[in-house]
file my_file02.cif (mmCIF, C-alpha atoms and all ligand atoms)
data_protein
#
loop_
_atom_site.group_PDB
_atom_site.id
_atom_site.type_symbol
_atom_site.label_atom_id
_atom_site.label_comp_id
_atom_site.auth_asym_id
_atom_site.auth_seq_id
_atom_site.Cartn_x
_atom_site.Cartn_y
_atom_site.Cartn_z
ATOM 1 C CA MET A 1 0.000 0.000 0.000
ATOM 2 C CA HIS A 2 2.753 2.452 0.937
ATOM 3 C CA THR A 3 6.489 1.707 0.979
ATOM 4 C CA PRO A 4 8.079 3.713 3.784
ATOM 5 C CA VAL A 5 10.989 5.913 2.700
ATOM 6 C CA LEU A 6 14.432 6.145 4.328
ATOM 7 C CA GLN A 7 13.414 3.317 6.655
ATOM 8 C CA LYS A 8 16.919 2.397 7.863
ATOM 9 C CA LYS A 9 18.022 6.009 8.336
ATOM 10 C CA ILE A 10 14.881 6.792 10.342
ATOM 11 C CA LEU A 11 15.594 3.943 12.729
ATOM 12 C CA GLU A 12 19.251 4.912 13.095
ATOM 13 C CA GLY A 13 18.286 8.535 13.680
ATOM 14 C CA LEU A 14 15.425 7.979 16.100
ATOM 15 C CA SER A 15 17.255 5.125 17.807
ATOM 16 C CA PRO A 16 14.215 3.599 19.573
ATOM 17 C CA LYS A 17 15.089 1.555 22.682
ATOM 18 C CA PRO A 18 13.201 -1.033 24.745
ATOM 19 C CA ASN A 19 10.283 0.458 26.711
ATOM 20 C CA GLU A 20 10.547 3.976 25.258
ATOM 21 C CA ASN A 21 7.384 5.714 24.032
ATOM 22 C CA PHE A 22 7.087 7.202 20.555
ATOM 23 C CA ILE A 23 4.713 9.269 18.480
ATOM 24 C CA ASP A 24 4.295 8.649 14.775
ATOM 25 C CA ALA A 25 2.618 11.944 13.904
ATOM 26 C CA THR A 26 1.719 10.831 10.357
ATOM 27 C CA PHE A 27 0.808 7.179 10.851
ATOM 28 C CA GLY A 28 -0.526 6.379 7.342
ATOM 29 C CA PHE A 29 -0.435 2.591 7.129
ATOM 30 C CA GLY A 30 2.155 2.320 9.863
ATOM 31 C CA GLY A 31 5.161 1.398 7.712
ATOM 32 C CA HIS A 32 7.579 3.239 9.999
ATOM 33 C CA ALA A 33 5.505 2.612 13.116
ATOM 34 C CA THR A 34 5.828 -1.131 12.769
ATOM 35 C CA ASP A 35 9.648 -0.923 12.908
ATOM 36 C CA ILE A 36 9.556 1.404 15.896
ATOM 37 C CA LEU A 37 7.087 -0.827 17.763
ATOM 38 C CA LYS A 38 9.498 -3.758 17.375
ATOM 39 C CA ARG A 39 12.409 -1.773 18.823
ATOM 40 C CA ILE A 40 10.492 -0.467 21.855
ATOM 41 C CA ARG A 41 9.322 -3.910 22.968
ATOM 42 C CA PRO A 42 8.278 -5.196 25.455
ATOM 43 C CA ASN A 43 6.413 -2.272 27.072
ATOM 44 C CA GLY A 44 7.019 0.798 24.897
ATOM 45 C CA LYS A 45 3.895 2.408 23.449
ATOM 46 C CA LEU A 46 3.454 4.190 20.145
ATOM 47 C CA ILE A 47 0.820 6.841 19.553
ATOM 48 C CA GLY A 48 -0.056 6.901 15.864
ATOM 49 C CA ILE A 49 -1.719 10.125 14.759
ATOM 50 C CA GLU A 50 -3.493 10.087 11.407
ATOM 51 C CA ILE A 51 -5.721 12.842 10.104
ATOM 52 C CA ASP A 52 -7.575 10.770 7.503
ATOM 53 C CA PRO A 53 -10.479 8.736 8.928
ATOM 54 C CA ALA A 54 -10.832 6.633 5.754
ATOM 55 C CA GLU A 55 -7.146 5.702 5.865
ATOM 56 C CA ILE A 56 -7.484 4.588 9.489
ATOM 57 C CA LYS A 57 -10.530 2.522 8.558
ATOM 58 C CA THR A 58 -8.619 0.870 5.695
ATOM 59 C CA PHE A 59 -5.627 0.199 7.982
ATOM 60 C CA LYS A 60 -7.911 -1.506 10.495
ATOM 61 C CA GLU A 61 -9.569 -3.605 7.791
ATOM 62 C CA ASP A 62 -6.177 -4.640 6.353
ATOM 63 C CA ASN A 63 -5.256 -5.928 9.779
ATOM 64 C CA SER A 64 -1.529 -6.021 8.956
ATOM 65 C CA PHE A 65 -0.169 -5.616 12.533
ATOM 66 C CA ASN A 66 0.174 -8.583 14.886
ATOM 67 C CA GLN A 67 -1.737 -8.542 18.180
ATOM 68 C CA GLU A 68 1.368 -7.899 20.276
ATOM 69 C CA ALA A 69 2.063 -4.693 18.296
ATOM 70 C CA LEU A 70 -1.619 -3.657 18.291
ATOM 71 C CA ASP A 71 -1.671 -3.929 22.091
ATOM 72 C CA ARG A 72 1.018 -1.223 22.275
ATOM 73 C CA LEU A 73 -0.401 0.989 19.518
ATOM 74 C CA ILE A 74 -2.689 3.913 20.362
ATOM 75 C CA LEU A 75 -4.204 5.046 17.093
ATOM 76 C CA VAL A 76 -5.748 8.514 17.111
ATOM 77 C CA ASN A 77 -7.731 10.126 14.301
ATOM 78 C CA ASP A 78 -6.640 13.749 14.654
ATOM 79 C CA SER A 79 -4.187 16.290 13.290
ATOM 80 C CA TYR A 80 -0.661 16.424 14.658
ATOM 81 C CA VAL A 81 -1.300 20.079 15.490
ATOM 82 C CA ASN A 82 -2.929 18.602 18.627
ATOM 83 C CA LEU A 83 0.101 16.444 19.422
ATOM 84 C CA SER A 84 0.822 17.675 22.958
ATOM 85 C CA LYS A 85 -2.825 17.355 24.007
ATOM 86 C CA ILE A 86 -2.887 13.797 22.643
ATOM 87 C CA ALA A 87 0.326 12.871 24.514
ATOM 88 C CA LYS A 88 -1.067 14.349 27.750
ATOM 89 C CA GLU A 89 -4.410 12.569 27.411
ATOM 90 C CA ASN A 90 -2.529 9.289 27.162
ATOM 91 C CA ASP A 91 -0.262 10.222 30.052
ATOM 92 C CA LEU A 92 2.939 9.176 28.278
ATOM 93 C CA ARG A 93 6.459 10.582 28.352
ATOM 94 C CA ILE A 94 7.587 10.786 24.742
ATOM 95 C CA ASN A 95 11.133 9.775 23.732
ATOM 96 C CA GLY A 96 10.842 10.195 19.983
ATOM 97 C CA ILE A 97 8.590 11.701 17.323
ATOM 98 C CA LEU A 98 8.436 11.063 13.603
ATOM 99 C CA PHE A 99 6.826 13.266 10.966
ATOM 100 C CA ASP A 100 6.632 11.747 7.475
ATOM 101 C CA LEU A 101 4.976 14.669 5.730
ATOM 102 C CA GLY A 102 2.535 14.925 2.863
ATOM 103 C CA LEU A 103 0.201 12.243 1.623
ATOM 104 C CA SER A 104 0.453 8.503 1.101
ATOM 105 C CA SER A 105 0.305 6.509 -2.133
ATOM 106 C CA TRP A 106 -3.174 5.419 -1.004
ATOM 107 C CA HIS A 107 -4.389 8.991 -1.410
ATOM 108 C CA PHE A 108 -3.364 9.022 -5.062
ATOM 109 C CA GLU A 109 -4.460 5.494 -5.844
ATOM 110 C CA LYS A 110 -7.484 4.674 -3.705
ATOM 111 C CA SER A 111 -8.963 7.668 -1.903
ATOM 112 C CA ASN A 112 -11.167 8.810 -4.798
ATOM 113 C CA ARG A 113 -10.678 12.436 -3.754
ATOM 114 C CA GLY A 114 -9.003 13.938 -6.791
ATOM 115 C CA PHE A 115 -5.371 14.056 -5.622
ATOM 116 C CA SER A 116 -4.095 12.693 -8.939
ATOM 117 C CA PHE A 117 -4.474 14.204 -12.416
ATOM 118 C CA ARG A 118 -4.035 10.676 -13.781
ATOM 119 C CA LYS A 119 -7.516 9.761 -12.534
ATOM 120 C CA ASP A 120 -10.937 11.171 -13.285
ATOM 121 C CA GLU A 121 -12.369 12.111 -9.896
ATOM 122 C CA ALA A 122 -14.223 14.946 -8.183
ATOM 123 C CA LEU A 123 -12.001 17.853 -7.105
ATOM 124 C CA ASP A 124 -11.891 17.368 -3.352
ATOM 125 C CA MET A 125 -8.296 16.885 -2.020
ATOM 126 C CA ARG A 126 -9.195 17.038 1.681
ATOM 127 C CA PHE A 127 -7.225 14.828 4.083
ATOM 128 C CA ASN A 128 -10.184 14.900 6.443
ATOM 129 C CA PRO A 129 -13.507 15.408 4.637
ATOM 130 C CA GLU A 130 -15.365 15.081 7.961
ATOM 131 C CA LYS A 131 -13.722 18.173 9.484
ATOM 132 C CA ASN A 132 -12.412 20.336 6.657
ATOM 133 C CA GLN A 133 -14.988 22.382 4.711
ATOM 134 C CA LEU A 134 -12.602 23.682 2.037
ATOM 135 C CA THR A 135 -12.270 21.615 -1.154
ATOM 136 C CA ALA A 136 -10.232 22.066 -4.341
ATOM 137 C CA PHE A 137 -13.600 22.538 -6.118
ATOM 138 C CA GLU A 138 -14.305 25.564 -3.925
ATOM 139 C CA ILE A 139 -10.894 27.114 -4.684
ATOM 140 C CA VAL A 140 -10.956 26.719 -8.468
ATOM 141 C CA ASN A 141 -14.615 27.736 -8.819
ATOM 142 C CA TYR A 142 -14.957 30.532 -6.267
ATOM 143 C CA TYR A 143 -11.557 32.059 -5.411
ATOM 144 C CA LYS A 144 -10.536 35.263 -7.187
ATOM 145 C CA GLU A 145 -7.971 35.079 -9.981
ATOM 146 C CA ASP A 146 -5.206 36.702 -7.921
ATOM 147 C CA GLN A 147 -5.873 34.317 -5.008
ATOM 148 C CA ILE A 148 -5.517 31.290 -7.304
ATOM 149 C CA GLU A 149 -2.371 32.722 -8.847
ATOM 150 C CA LYS A 150 -0.903 33.292 -5.376
ATOM 151 C CA ILE A 151 -1.664 29.700 -4.324
ATOM 152 C CA LEU A 152 0.068 28.306 -7.429
ATOM 153 C CA LYS A 153 3.063 30.571 -6.982
ATOM 154 C CA GLU A 154 3.520 30.300 -3.221
ATOM 155 C CA PHE A 155 2.834 26.605 -2.707
ATOM 156 C CA ALA A 156 4.424 25.209 -5.854
ATOM 157 C CA GLN A 157 6.504 27.989 -7.455
ATOM 158 C CA GLU A 158 4.494 27.419 -10.631
ATOM 159 C CA ASP A 159 6.187 29.527 -13.384
ATOM 160 C CA LEU A 160 2.925 29.805 -15.302
ATOM 161 C CA SER A 161 0.766 30.679 -12.289
ATOM 162 C CA LYS A 162 -0.626 33.781 -14.039
ATOM 163 C CA ILE A 163 -1.566 31.948 -17.229
ATOM 164 C CA ILE A 164 -3.071 28.935 -15.444
ATOM 165 C CA ALA A 165 -5.085 31.148 -13.062
ATOM 166 C CA ARG A 166 -6.408 33.130 -16.062
ATOM 167 C CA ASN A 167 -7.375 29.916 -17.883
ATOM 168 C CA ILE A 168 -9.203 28.644 -14.797
ATOM 169 C CA ILE A 169 -11.250 31.855 -14.569
ATOM 170 C CA LYS A 170 -12.097 31.771 -18.288
ATOM 171 C CA ALA A 171 -13.144 28.119 -18.143
ATOM 172 C CA ARG A 172 -15.359 28.468 -15.076
ATOM 173 C CA ASP A 173 -17.235 31.347 -16.717
ATOM 174 C CA VAL A 174 -18.488 28.739 -19.200
ATOM 175 C CA ARG A 175 -19.211 25.914 -16.750
ATOM 176 C CA PRO A 176 -18.081 24.762 -13.289
ATOM 177 C CA ILE A 177 -14.767 22.910 -13.026
ATOM 178 C CA ARG A 178 -15.926 19.699 -11.380
ATOM 179 C CA THR A 179 -13.314 17.014 -11.925
ATOM 180 C CA THR A 180 -9.591 16.373 -12.131
ATOM 181 C CA SER A 181 -10.034 15.794 -15.873
ATOM 182 C CA ASP A 182 -11.742 19.189 -16.282
ATOM 183 C CA LEU A 183 -8.850 20.856 -14.481
ATOM 184 C CA LEU A 184 -6.208 18.888 -16.371
ATOM 185 C CA ALA A 185 -7.708 19.930 -19.715
ATOM 186 C CA ILE A 186 -7.690 23.594 -18.631
ATOM 187 C CA ILE A 187 -4.044 23.415 -17.559
ATOM 188 C CA MET A 188 -2.962 21.692 -20.779
ATOM 189 C CA ASN A 189 -4.860 24.125 -22.987
ATOM 190 C CA ASN A 190 -2.668 26.805 -24.633
ATOM 191 C CA LEU A 191 0.497 25.966 -22.709
ATOM 192 C CA PRO A 192 3.743 27.010 -24.391
ATOM 193 C CA LYS A 193 5.513 24.112 -26.158
ATOM 194 C CA TRP A 194 8.666 24.441 -24.029
ATOM 195 C CA TYR A 195 6.557 23.922 -20.934
ATOM 196 C CA LYS A 196 5.044 20.702 -22.202
ATOM 197 C CA ARG A 197 8.518 19.344 -22.969
ATOM 198 C CA ARG A 198 9.771 19.703 -19.394
ATOM 199 C CA LYS A 199 10.493 16.568 -17.344
ATOM 200 C CA ILE A 200 7.765 17.322 -14.814
ATOM 201 C CA HIS A 201 4.146 16.978 -15.976
ATOM 202 C CA PRO A 202 2.571 20.434 -16.516
ATOM 203 C CA ALA A 203 -0.235 19.653 -14.036
ATOM 204 C CA THR A 204 1.974 18.449 -11.164
ATOM 205 C CA LYS A 205 2.501 21.810 -9.519
ATOM 206 C CA THR A 206 -1.091 23.023 -9.815
ATOM 207 C CA PHE A 207 -2.381 19.842 -8.193
ATOM 208 C CA GLN A 208 0.271 20.024 -5.466
ATOM 209 C CA ALA A 209 -0.479 23.674 -4.724
ATOM 210 C CA LEU A 210 -4.233 23.103 -4.488
ATOM 211 C CA ARG A 211 -3.758 20.151 -2.136
ATOM 212 C CA MET A 212 -1.471 22.218 0.092
ATOM 213 C CA ALA A 213 -3.959 25.091 0.175
ATOM 214 C CA VAL A 214 -6.946 22.819 0.875
ATOM 215 C CA ASN A 215 -5.169 21.214 3.839
ATOM 216 C CA ASN A 216 -3.346 24.349 4.985
ATOM 217 C CA GLU A 217 -0.212 22.220 4.981
ATOM 218 C CA LEU A 218 2.623 24.677 5.607
ATOM 219 C CA GLU A 219 0.971 26.366 8.560
ATOM 220 C CA THR A 220 0.077 22.937 9.948
ATOM 221 C CA ILE A 221 3.685 21.734 9.682
ATOM 222 C CA ARG A 222 4.919 24.762 11.645
ATOM 223 C CA LYS A 223 2.405 24.116 14.410
ATOM 224 C CA GLY A 224 3.153 20.392 14.439
ATOM 225 C CA ILE A 225 6.922 20.826 14.840
ATOM 226 C CA GLU A 226 6.362 23.409 17.573
ATOM 227 C CA GLU A 227 4.100 20.959 19.419
ATOM 228 C CA GLY A 228 6.522 18.085 18.840
ATOM 229 C CA VAL A 229 9.523 19.917 20.282
ATOM 230 C CA GLY A 230 7.433 21.042 23.247
ATOM 231 C CA THR A 231 6.248 17.501 23.951
ATOM 232 C CA LEU A 232 9.559 15.614 23.729
ATOM 233 C CA GLU A 233 11.374 14.490 26.875
ATOM 234 C CA LYS A 234 14.975 15.652 27.401
ATOM 235 C CA ASN A 235 17.301 13.695 25.035
ATOM 236 C CA GLY A 236 14.246 12.699 22.989
ATOM 237 C CA ARG A 237 14.600 12.727 19.225
ATOM 238 C CA ILE A 238 12.553 14.320 16.480
ATOM 239 C CA ALA A 239 12.826 13.203 12.846
ATOM 240 C CA VAL A 240 11.094 14.893 9.933
ATOM 241 C CA ILE A 241 10.885 13.638 6.351
ATOM 242 C CA SER A 242 9.772 16.243 3.843
ATOM 243 C CA PHE A 243 9.110 15.914 0.129
ATOM 244 C CA HIS A 244 9.616 19.346 -1.323
ATOM 245 C CA SER A 245 11.819 22.343 -0.824
ATOM 246 C CA LEU A 246 9.250 24.596 0.865
ATOM 247 C CA GLU A 247 8.635 22.009 3.578
ATOM 248 C CA ASP A 248 12.341 21.333 4.012
ATOM 249 C CA LYS A 249 13.052 25.063 4.329
ATOM 250 C CA ILE A 250 10.517 25.344 7.161
ATOM 251 C CA ILE A 251 12.028 22.375 9.030
ATOM 252 C CA LYS A 252 15.587 23.619 8.530
ATOM 253 C CA GLU A 253 14.763 27.097 9.819
ATOM 254 C CA MET A 254 12.671 25.881 12.747
ATOM 255 C CA PHE A 255 15.410 23.460 13.847
ATOM 256 C CA LYS A 256 17.998 26.262 13.616
ATOM 257 C CA ASP A 257 15.838 28.663 15.630
ATOM 258 C CA LYS A 258 15.227 26.006 18.279
ATOM 259 C CA GLU A 259 18.954 25.268 18.414
ATOM 260 C CA SER A 260 19.770 28.915 19.006
ATOM 261 C CA GLU A 261 17.082 29.046 21.717
ATOM 262 C CA GLY A 262 18.875 26.100 23.388
ATOM 263 C CA LYS A 263 15.966 23.696 22.908
ATOM 264 C CA LEU A 264 17.351 21.363 20.231
ATOM 265 C CA LYS A 265 20.674 20.016 19.038
ATOM 266 C CA ILE A 266 20.662 19.343 15.305
ATOM 267 C CA ILE A 267 22.150 15.975 14.318
ATOM 268 C CA THR A 268 21.816 16.296 10.552
ATOM 269 C CA LYS A 269 23.764 19.370 9.444
ATOM 270 C CA LYS A 270 22.706 18.446 5.927
ATOM 271 C CA PRO A 271 19.491 16.515 5.240
ATOM 272 C CA ILE A 272 19.755 12.774 4.675
ATOM 273 C CA THR A 273 18.510 11.700 1.228
ATOM 274 C CA ALA A 274 17.778 8.345 -0.391
ATOM 275 C CA LYS A 275 20.543 6.450 -2.180
ATOM 276 C CA PHE A 276 20.330 5.333 -5.809
ATOM 277 C CA ASN A 277 19.032 1.830 -5.016
ATOM 278 C CA GLU A 278 16.200 3.082 -2.819
ATOM 279 C CA VAL A 279 15.138 5.648 -5.416
ATOM 280 C CA LYS A 280 15.106 2.886 -8.037
ATOM 281 C CA ALA A 281 12.973 0.626 -5.866
ATOM 282 C CA ASN A 282 10.724 3.387 -4.489
ATOM 283 C CA PRO A 283 10.552 6.483 -6.754
ATOM 284 C CA ARG A 284 8.683 8.411 -4.040
ATOM 285 C CA SER A 285 11.944 8.541 -2.076
ATOM 286 C CA ARG A 286 13.624 10.641 -4.812
ATOM 287 C CA SER A 287 12.703 13.964 -3.238
ATOM 288 C CA ALA A 288 12.690 12.856 0.412
ATOM 289 C CA LYS A 289 14.823 14.818 2.883
ATOM 290 C CA LEU A 290 15.289 13.703 6.462
ATOM 291 C CA ARG A 291 16.320 16.024 9.304
ATOM 292 C CA ILE A 292 16.862 14.861 12.877
ATOM 293 C CA ALA A 293 17.412 16.740 16.146
ATOM 294 C CA ILE A 294 17.684 15.964 19.867
ATOM 295 C CA LYS A 295 15.806 17.811 22.621
ATOM 296 C CA ILE A 296 18.115 19.409 25.181
HETATM 297 C C1 LIG A 301 3.755 10.116 3.787
HETATM 298 S S1 LIG A 301 2.323 9.521 4.549
HETATM 299 C C2 LIG A 301 2.950 8.632 5.925
HETATM 300 C C3 LIG A 301 3.214 7.226 5.644
HETATM 301 C C4 LIG A 301 3.588 6.398 6.854
HETATM 302 N N1 LIG A 301 4.818 6.860 7.462
HETATM 303 C C5 LIG A 301 3.692 4.932 6.482
HETATM 304 O O1 LIG A 301 4.799 4.410 6.516
HETATM 305 O O2 LIG A 301 2.680 4.335 6.138
HETATM 306 C C6 LIG A 301 1.714 10.955 5.367
HETATM 307 C C7 LIG A 301 0.466 10.698 6.183
HETATM 308 O O3 LIG A 301 0.252 11.815 7.025
HETATM 309 C C8 LIG A 301 -1.133 12.082 7.086
HETATM 310 N N2 LIG A 301 -1.284 13.496 7.474
HETATM 311 C C9 LIG A 301 -1.211 14.586 6.698
HETATM 312 N N3 LIG A 301 -1.401 15.692 7.439
HETATM 313 C C10 LIG A 301 -1.590 15.279 8.719
HETATM 314 C C11 LIG A 301 -1.846 15.965 9.938
HETATM 315 N N4 LIG A 301 -1.940 17.290 9.989
HETATM 316 N N5 LIG A 301 -1.981 15.236 11.061
HETATM 317 C C12 LIG A 301 -1.887 13.868 11.033
HETATM 318 N N6 LIG A 301 -1.674 13.164 9.890
HETATM 319 C C13 LIG A 301 -1.512 13.866 8.752
HETATM 320 C C14 LIG A 301 -1.639 11.755 5.694
HETATM 321 O O4 LIG A 301 -3.013 11.489 5.705
HETATM 322 C C15 LIG A 301 -0.791 10.524 5.342
HETATM 323 O O5 LIG A 301 -1.432 9.363 5.712
#

call {"tool": "encode", "arguments": {"input": "my_file02.cif", "output": "C-alpha cells"}}
result
Amino acid sequence: MHTPVLQKKILEGLSPKPNENFIDATFGFGGHATDILKRIRPNGKLIGIEIDPAEIKTFKEDNSFNQEALDRLILVNDSYVNLSKIAKENDLRINGILFDLGLSSWHFEKSNRGFSFRKDEALDMRFNPEKNQLTAFEIVNYYKEDQIEKILKEFAQEDLSKIIARNIIKARDVRPIRTTSDLLAIIMNNLPKWYKRRKIHPATKTFQALRMAVNNELETIRKGIEEGVGTLEKNGRIAVISFHSLEDKIIKEMFKDKESEGKLKIITKKPITAKFNEVKANPRSRSAKLRIAIKI
C-alpha cells in the first residue's frame, strides 16, 4: 500500500530503545511505526496520529499488525497540530517523534478524492472530509484570480501561475470545473511548447499547490513541529521527512531557531537523502529529505 521511505536512516536517527514511548505523527499505514514498535518492545507504546479517517478505517480492515504490536499501539484520528494534548491525554512521556509529511500513495491510488491528475475524480483533495470544509472545487470555482495565482506561486513555485489562473477563470465562466479531468484539460490548454517538454508533468505543480492550500499544509507543519519539540522528553529525538523544498526550508529554519534558543541540538547538518538503489525501488523517495534533532 505504501512503501516507507528512508526506513533504515529513520531507525538509526530515532534510535528507539526497549520500553521507550514514541509518536508517529503521520501514521498512514504504519510502515515506519511497525519498525519502531518492534524496537520499543516489550512495554514501549506508540501513539499513531493520522488525520484521515478513511485511511485509518482501511488500515484496520487490512489488519496487517500482529496482536502484540496492536496492544502497544494507540491510534488517534486527529491532526498532529494537537500532538501535545494527545500525549497528555494518554499520560505518556515521549522519547521520539516522527513526521513523514505529505500524503500517502493510497491517497493518489485509492482515496477517490481527486489528488491525482491521472484519474478522473471529483475535485476534493481534503485529508479529512469530515472536518475540513474547504475543497479544491471551492478554490478553483470561487476564489478570485489573484488568489488562485498566489496559491500556485507560493505553494508550488508554478512559473505559469498567471496563465493557469487566467485559464481557470475563463473556463469556469463557461461551466463549473468539477473534476480532475476538467482541471487537467484547462491546464494543458494553450500551454507554451517548451513547458510541455519539461520533465515534470505540466499539471503536477497546480495539483500540489491546491492540495497544500486545501489542507493548509505549511501552517500545519509549523504548528506540528512546535508541538513536537514542546512535547519531547529531554534527550528525545525528532525526525522529519519532507518531500519538497518549501517544507524542508521550514524544518531547517525551525530546527535552527530552536537550536539557538537552546531547545534542540541538530544531528543532521545536511538533510539525509535516499541512495540510488532506494530511489530505483521506491521512486517516491527521490525527493525525500530527512532532518533529525535531539531535545536538550
Ligand atoms: C507520507 S504519509 C505517511 C506514511 C507512513 N509513514 C507509512 O509508513 O505508512 C503521510 C500521512 O500523514 C497524514 N497526514 C497529513 N497531514 C496530517 C496531519 N496534519 N496530522 C496527522 N496526519 C496527517 C496523511 O493522511 C498521510 O497518511

call {"tool": "residues_near_ligand", "arguments": {"input": "my_file02.cif", "ligand": "ligand LIG 301 (chain A)", "cutoff": "9 Å", "atoms": "all atoms listed in the file", "output": "ChimeraX atom specification"}}
result
/A:1-5,7,24-34,48-53,55-56,76-83,98-107,127-128,215-217,220-221,224,241-243

call {"tool": "residues_around", "arguments": {"input": "my_file02.cif", "residues": "range 167-180 of chain A", "least_positions_apart": "4", "cutoff": "7 Å", "atoms": "only C-alpha atoms", "output": "list in words"}}
result
Gly114, Phe117, Lys119, Asp120, Glu121, Ala122, Leu123, Phe137, Val140, Asn141, Glu145, Ile163, Leu184 and Ile186 of chain A

call {"tool": "axis_aligned_box", "arguments": {"input": "my_file02.cif", "around": "range 154-164 of chain A", "padding_each_side": "8 Å", "output": "AutoDock Vina command-line options"}}
result
--center_x 1.7 --center_y 29.5 --center_z -10.0 --size_x 25.6 --size_y 24.6 --size_z 30.5

call {"tool": "closest_residue", "arguments": {"input": "my_file02.cif", "among": "A:Leu290, A:Met212, A:Ile23, A:Met254", "to": "Arg126 in chain A", "atoms": "only C-alpha atoms"}}
result
A:Met212

call {"tool": "residues_around", "arguments": {"input": "my_file02.cif", "residues": "range 198-209 of chain A", "least_positions_apart": "5", "cutoff": "12 Å", "atoms": "all atoms listed in the file", "output": "PyMOL selection string"}}
result
chain A and resi 102-103+108+113-118+123-125+136-137+139-140+147-165+168+179-193+214-218+243-244+246

call {"tool": "write_last_selection", "arguments": {"input": "my_file02.cif", "atoms": "C-alpha atoms", "output": "PDB file, in the coordinates of the input"}}
result
ATOM      1  CA  GLY A 102       2.535  14.925   2.863  1.00  0.00           C
ATOM      2  CA  LEU A 103       0.201  12.243   1.623  1.00  0.00           C
ATOM      3  CA  PHE A 108      -3.364   9.022  -5.062  1.00  0.00           C
ATOM      4  CA  ARG A 113     -10.678  12.436  -3.754  1.00  0.00           C
ATOM      5  CA  GLY A 114      -9.003  13.938  -6.791  1.00  0.00           C
ATOM      6  CA  PHE A 115      -5.371  14.056  -5.622  1.00  0.00           C
ATOM      7  CA  SER A 116      -4.095  12.693  -8.939  1.00  0.00           C
ATOM      8  CA  PHE A 117      -4.474  14.204 -12.416  1.00  0.00           C
ATOM      9  CA  ARG A 118      -4.035  10.676 -13.781  1.00  0.00           C
ATOM     10  CA  LEU A 123     -12.001  17.853  -7.105  1.00  0.00           C
ATOM     11  CA  ASP A 124     -11.891  17.368  -3.352  1.00  0.00           C
ATOM     12  CA  MET A 125      -8.296  16.885  -2.020  1.00  0.00           C
ATOM     13  CA  ALA A 136     -10.232  22.066  -4.341  1.00  0.00           C
ATOM     14  CA  PHE A 137     -13.600  22.538  -6.118  1.00  0.00           C
ATOM     15  CA  ILE A 139     -10.894  27.114  -4.684  1.00  0.00           C
ATOM     16  CA  VAL A 140     -10.956  26.719  -8.468  1.00  0.00           C
ATOM     17  CA  GLN A 147      -5.873  34.317  -5.008  1.00  0.00           C
ATOM     18  CA  ILE A 148      -5.517  31.290  -7.304  1.00  0.00           C
ATOM     19  CA  GLU A 149      -2.371  32.722  -8.847  1.00  0.00           C
ATOM     20  CA  LYS A 150      -0.903  33.292  -5.376  1.00  0.00           C
ATOM     21  CA  ILE A 151      -1.664  29.700  -4.324  1.00  0.00           C
ATOM     22  CA  LEU A 152       0.068  28.306  -7.429  1.00  0.00           C
ATOM     23  CA  LYS A 153       3.063  30.571  -6.982  1.00  0.00           C
ATOM     24  CA  GLU A 154       3.520  30.300  -3.221  1.00  0.00           C
ATOM     25  CA  PHE A 155       2.834  26.605  -2.707  1.00  0.00           C
ATOM     26  CA  ALA A 156       4.424  25.209  -5.854  1.00  0.00           C
ATOM     27  CA  GLN A 157       6.504  27.989  -7.455  1.00  0.00           C
ATOM     28  CA  GLU A 158       4.494  27.419 -10.631  1.00  0.00           C
ATOM     29  CA  ASP A 159       6.187  29.527 -13.384  1.00  0.00           C
ATOM     30  CA  LEU A 160       2.925  29.805 -15.302  1.00  0.00           C
ATOM     31  CA  SER A 161       0.766  30.679 -12.289  1.00  0.00           C
ATOM     32  CA  LYS A 162      -0.626  33.781 -14.039  1.00  0.00           C
ATOM     33  CA  ILE A 163      -1.566  31.948 -17.229  1.00  0.00           C
ATOM     34  CA  ILE A 164      -3.071  28.935 -15.444  1.00  0.00           C
ATOM     35  CA  ALA A 165      -5.085  31.148 -13.062  1.00  0.00           C
ATOM     36  CA  ILE A 168      -9.203  28.644 -14.797  1.00  0.00           C
ATOM     37  CA  THR A 179     -13.314  17.014 -11.925  1.00  0.00           C
ATOM     38  CA  THR A 180      -9.591  16.373 -12.131  1.00  0.00           C
ATOM     39  CA  SER A 181     -10.034  15.794 -15.873  1.00  0.00           C
ATOM     40  CA  ASP A 182     -11.742  19.189 -16.282  1.00  0.00           C
ATOM     41  CA  LEU A 183      -8.850  20.856 -14.481  1.00  0.00           C
ATOM     42  CA  LEU A 184      -6.208  18.888 -16.371  1.00  0.00           C
ATOM     43  CA  ALA A 185      -7.708  19.930 -19.715  1.00  0.00           C
ATOM     44  CA  ILE A 186      -7.690  23.594 -18.631  1.00  0.00           C
ATOM     45  CA  ILE A 187      -4.044  23.415 -17.559  1.00  0.00           C
ATOM     46  CA  MET A 188      -2.962  21.692 -20.779  1.00  0.00           C
ATOM     47  CA  ASN A 189      -4.860  24.125 -22.987  1.00  0.00           C
ATOM     48  CA  ASN A 190      -2.668  26.805 -24.633  1.00  0.00           C
ATOM     49  CA  LEU A 191       0.497  25.966 -22.709  1.00  0.00           C
ATOM     50  CA  PRO A 192       3.743  27.010 -24.391  1.00  0.00           C
ATOM     51  CA  LYS A 193       5.513  24.112 -26.158  1.00  0.00           C
ATOM     52  CA  VAL A 214      -6.946  22.819   0.875  1.00  0.00           C
ATOM     53  CA  ASN A 215      -5.169  21.214   3.839  1.00  0.00           C
ATOM     54  CA  ASN A 216      -3.346  24.349   4.985  1.00  0.00           C
ATOM     55  CA  GLU A 217      -0.212  22.220   4.981  1.00  0.00           C
ATOM     56  CA  LEU A 218       2.623  24.677   5.607  1.00  0.00           C
ATOM     57  CA  PHE A 243       9.110  15.914   0.129  1.00  0.00           C
ATOM     58  CA  HIS A 244       9.616  19.346  -1.323  1.00  0.00           C
ATOM     59  CA  LEU A 246       9.250  24.596   0.865  1.00  0.00           C
TER      60      LEU A 246
END

call {"tool": "residues_around", "arguments": {"input": "my_file02.cif", "residues": "Ile266 in chain A", "least_positions_apart": "5", "cutoff": "10 Å", "atoms": "only C-alpha atoms", "output": "MDAnalysis selection string"}}
result
chainID A and resid 237:238 252 255:256 258:259 291:295

call {"tool": "closest_residue", "arguments": {"input": "my_file02.cif", "among": "A:Leu11, A:Ile40, A:Ile272, A:Ile225", "to": "Glu253 in chain A", "atoms": "only C-alpha atoms"}}
result
A:Ile225

call {"tool": "closest_residue", "arguments": {"input": "my_file02.cif", "among": "A:Gly230, A:Gly262, A:Gly236, A:Pro283", "to": "Lys88 in chain A", "atoms": "only C-alpha atoms"}}
result
A:Gly230
